[in-house]
Amino acid sequence: MTSLRRGRIRNVTRLAPLLLAGALAVAVPGGANAQINGPDVASWQHPGGAPIDWFAVRASGHEFAIVKATESLSYVNPYFVQDAIGMRAAGIARGAYHYADPTQSPEAQAAFFASTALPLVAGGLPPVLDIEHSGGLPPGALIDWTRRYLNAVQALTGRQPIIYTYPNFWRTAMANTTEFSHYPLWIADYNGRSAPGPLPGGWTRWTFWQYTDSGRIPGVNAAIDLNHYGGGLGDLHMFGNPFGS
């Protein structure tokens with residue numbers, strides 16, 4: 001994921017370029033015969049303002065995508081609207097995420113995200129909270145912040161949110177709390193293997209796995225985060241109804 005400060009995950013192992021191409025052919029955990037793949041995007045995937053060709057993304061076999069909508073209390077991804085519309089037009093299961101700023105009110109951020117994202121991704125994937133920096137809060141305060149945000153966004157959207165994080169952050173900044181293990185997990189773990197490593201926080205399964213932030217796919221003129229779907233939300237195609245369907 002990315003923030004205004006380009007908050008890339010720095011303490012997980014990147015895949016070597018040679019492995020990246022092969023990563024798309026790795027089997028999905030759980031014995032699935034056909035893995036379900038999809039990118040997540042932010043403004044960085046629009047170098048020089050270049051659009052994303054979502055029809056090319058879909059034709060290349062990517063069935064879902066999640067776009068950054070908001071960060072903190074004022075930032076809106078300038079490409080959020082066109083990407084959300086493009087994903088839906090291409091019939092891609094679509095979702096949106098908020099990049100957490102724990103230095104600001106969680107309830108206000110939940111309202112900001114819901115009012116910005118909901119009109120464009122209603123009927124799509126559940127809302128996502130991207131939490132990967134503490135804002136200087138100690139674990140107890142950060143856990144409280146997270147609880148309040150999740151409760152607020154669920155009350156506003158009527159949907160249980162997905163939590164995006166990475167193992168070391170959760171084990172340290174969140175003191176490896178198990179309080180949120182009933183939420184769907186989107187885990188970032190760039191380990192070059194066929195599945196994430198041991199999950200933090202009492203989770204026993206993952207819903208999405210971000211396995212690289214340096215992928216390349218048709219329709220996108222930049223490096224991109226790539227993910228596998230591990231189940232738990234049912235058939236993703238129900239979240240990708242194109243216009244007119």
# chains A, B, ... in the order shown; residues from 1 in each chain; ligands from 1

$ select_by_dssp --residues "range 5-237 of chain A" --states "strand (DSSP E)" --output "number ranges by chain"
A: 36-41, 64-71, 75-76, 93-99, 128-130, 162-165, 185-188, 208-215, 224-229

$ closest_atom_pairs --of "range 22-82 of chain A" --to "range 100-110 of chain A" --cutoff "12 Å" --atoms "only C-alpha atoms" --output "CSV"
residue,atom,partner,partner_atom,distance
A:Lys68,CA,A:Ala100,CA,11.2
A:Ala69,CA,A:Ala100,CA,11.3
A:Thr70,CA,A:Gln109,CA,8.6
A:Glu71,CA,A:Ala100,CA,6.2
A:Ser72,CA,A:Asp101,CA,4.9
A:Leu73,CA,A:Gln109,CA,5.6
A:Ser74,CA,A:Gln109,CA,8.9
A:Tyr75,CA,A:Gln109,CA,10.5
A:Val76,CA,A:Gln109,CA,11.6

$ closest_atom_pairs --of "range 82-148 of chain A" --to "range 162-166 of chain A" --cutoff "12 Å" --atoms "only C-alpha atoms" --output "tab-separated table"
residue	atom	partner	partner_atom	distance
A:Gly95	CA	A:Ile162	CA	10.3
A:Ala96	CA	A:Ile162	CA	10.2
A:Tyr97	CA	A:Tyr164	CA	8.8
A:His98	CA	A:Tyr164	CA	9.8
A:Tyr99	CA	A:Tyr164	CA	9.5
A:Ala100	CA	A:Tyr164	CA	10.3
A:Leu125	CA	A:Ile162	CA	9.1
A:Pro126	CA	A:Ile162	CA	6.5
A:Pro127	CA	A:Ile162	CA	6.2
A:Val128	CA	A:Ile162	CA	4.6
A:Leu129	CA	A:Ile163	CA	5.1
A:Asp130	CA	A:Tyr164	CA	4.7
A:Ile131	CA	A:Thr165	CA	5.6
A:Glu132	CA	A:Thr165	CA	5.6
A:His133	CA	A:Thr165	CA	9.3
A:Ser134	CA	A:Thr165	CA	11.5
A:Thr146	CA	A:Ile163	CA	9.6
A:Arg147	CA	A:Ile163	CA	11.1

$ closest_residue --among "A:Gln210, A:Asn241, A:Asn151, A:Gln45" --to "Pro167 in chain A" --atoms "only C-alpha atoms"
A:Gln210

$ residues_around --residues "range 200-205 of chain A" --least-positions-apart "6" --cutoff "9 Å" --atoms "only C-alpha atoms" --output "list of chain:residue names"
A:Tyr166, A:Pro167, A:Asn168, A:Trp170, A:Arg171, A:Met174, A:Ala175, A:Asn176, A:Thr177, A:Thr178, A:Glu179, A:Phe180, A:Ser181, A:His182, A:Tyr183, A:Pro184, A:Leu185, A:Gly230, A:Gly231, A:Gly232

$ write_last_selection --atoms "C-alpha atoms" --output "short mmCIF file (atom, residue, chain, number, x, y, z; two decimals), in the first residue's frame"
data_model
loop_
_atom_site.label_atom_id
_atom_site.label_comp_id
_atom_site.auth_asym_id
_atom_site.auth_seq_id
_atom_site.Cartn_x
_atom_site.Cartn_y
_atom_site.Cartn_z
CA TYR A 166 1.68 -7.02 7.64
CA PRO A 167 2.95 -9.51 10.22
CA ASN A 168 5.76 -7.60 11.90
CA TRP A 170 0.84 -6.38 13.92
CA ARG A 171 3.13 -8.29 16.24
CA MET A 174 -0.46 -3.93 17.82
CA ALA A 175 1.17 -6.19 20.45
CA ASN A 176 -0.10 -9.17 18.41
CA THR A 177 -3.59 -8.65 19.77
CA THR A 178 -6.15 -11.32 18.88
CA GLU A 179 -9.10 -8.96 19.39
CA PHE A 180 -9.68 -8.52 15.65
CA SER A 181 -9.21 -12.11 14.48
CA HIS A 182 -12.88 -12.37 13.49
CA TYR A 183 -12.37 -9.72 10.79
CA PRO A 184 -11.31 -10.78 7.28
CA LEU A 185 -7.54 -10.44 6.92
CA GLY A 230 -7.97 -17.05 -0.39
CA GLY A 231 -11.72 -17.34 0.08
CA GLY A 232 -14.05 -16.27 2.84
#

$ residues_around --residues "Ala122 in chain A" --least-positions-apart "2" --cutoff "12 Å" --atoms "only C-alpha atoms" --output "list in words"
Ala84, Ile85, Arg88, Ala93, Arg94, Gly95, Ala96, Ala114, Ser115, Thr116, Ala117, Leu118, Pro119, Leu120, Gly124, Leu125, Pro126, Pro127, Thr157, Gly158, Arg159, Met238, Phe239, Gly240 and Asn241 of chain A

$ residues_around --residues "Ala65 in chain A" --least-positions-apart "4" --cutoff "6 Å" --atoms "only C-alpha atoms" --output "count of residues only"
4

$ select_by_dssp --residues "range 10-187 of chain A" --states "helix (DSSP H, G or I)" --output "PyMOL selection string"
chain A and resi 17-23+43-45+47-49+54-59+80-89+106-121+139-157+167-172

$ closest_residue --among "A:Ala111, A:Ala173, A:Met87, A:Ala188" --to "Ile52 in chain A" --atoms "only C-alpha atoms"
A:Met87

$ closest_residue --among "A:Ser43, A:Phe112, A:Pro242, A:Pro78" --to "Ala152 in chain A" --atoms "only C-alpha atoms"
A:Phe112

$ atom_distance --atom1 "CA of Ala50 in chain A" --atom2 "CA of Ala222 in chain A"
9.6 Å

$ residues_around --residues "Ser60 in chain A" --least-positions-apart "4" --cutoff "8 Å" --atoms "only C-alpha atoms" --output "MDAnalysis selection string"
chainID A and resid 56 217:218

$ atom_distance --atom1 "CA of Asp144 in chain A" --atom2 "CA of Leu199 in chain A"
21.1 Å

$ closest_residue --among "A:Asn227, A:Pro138, A:Gln82, A:Pro196" --to "Phe208 in chain A" --atoms "only C-alpha atoms"
A:Asn227

$ closest_residue --among "A:Gly91, A:Ile66, A:Leu236, A:Ala195" --to "Trp54 in chain A" --atoms "only C-alpha atoms"
A:Gly91

$ atom_distance --atom1 "CA of Gln35 in chain A" --atom2 "CA of Phe55 in chain A"
19.4 Å

$ closest_residue --among "A:Val67, A:Ile224, A:His237, A:Leu142" --to "Ile92 in chain A" --atoms "only C-alpha atoms"
A:His237
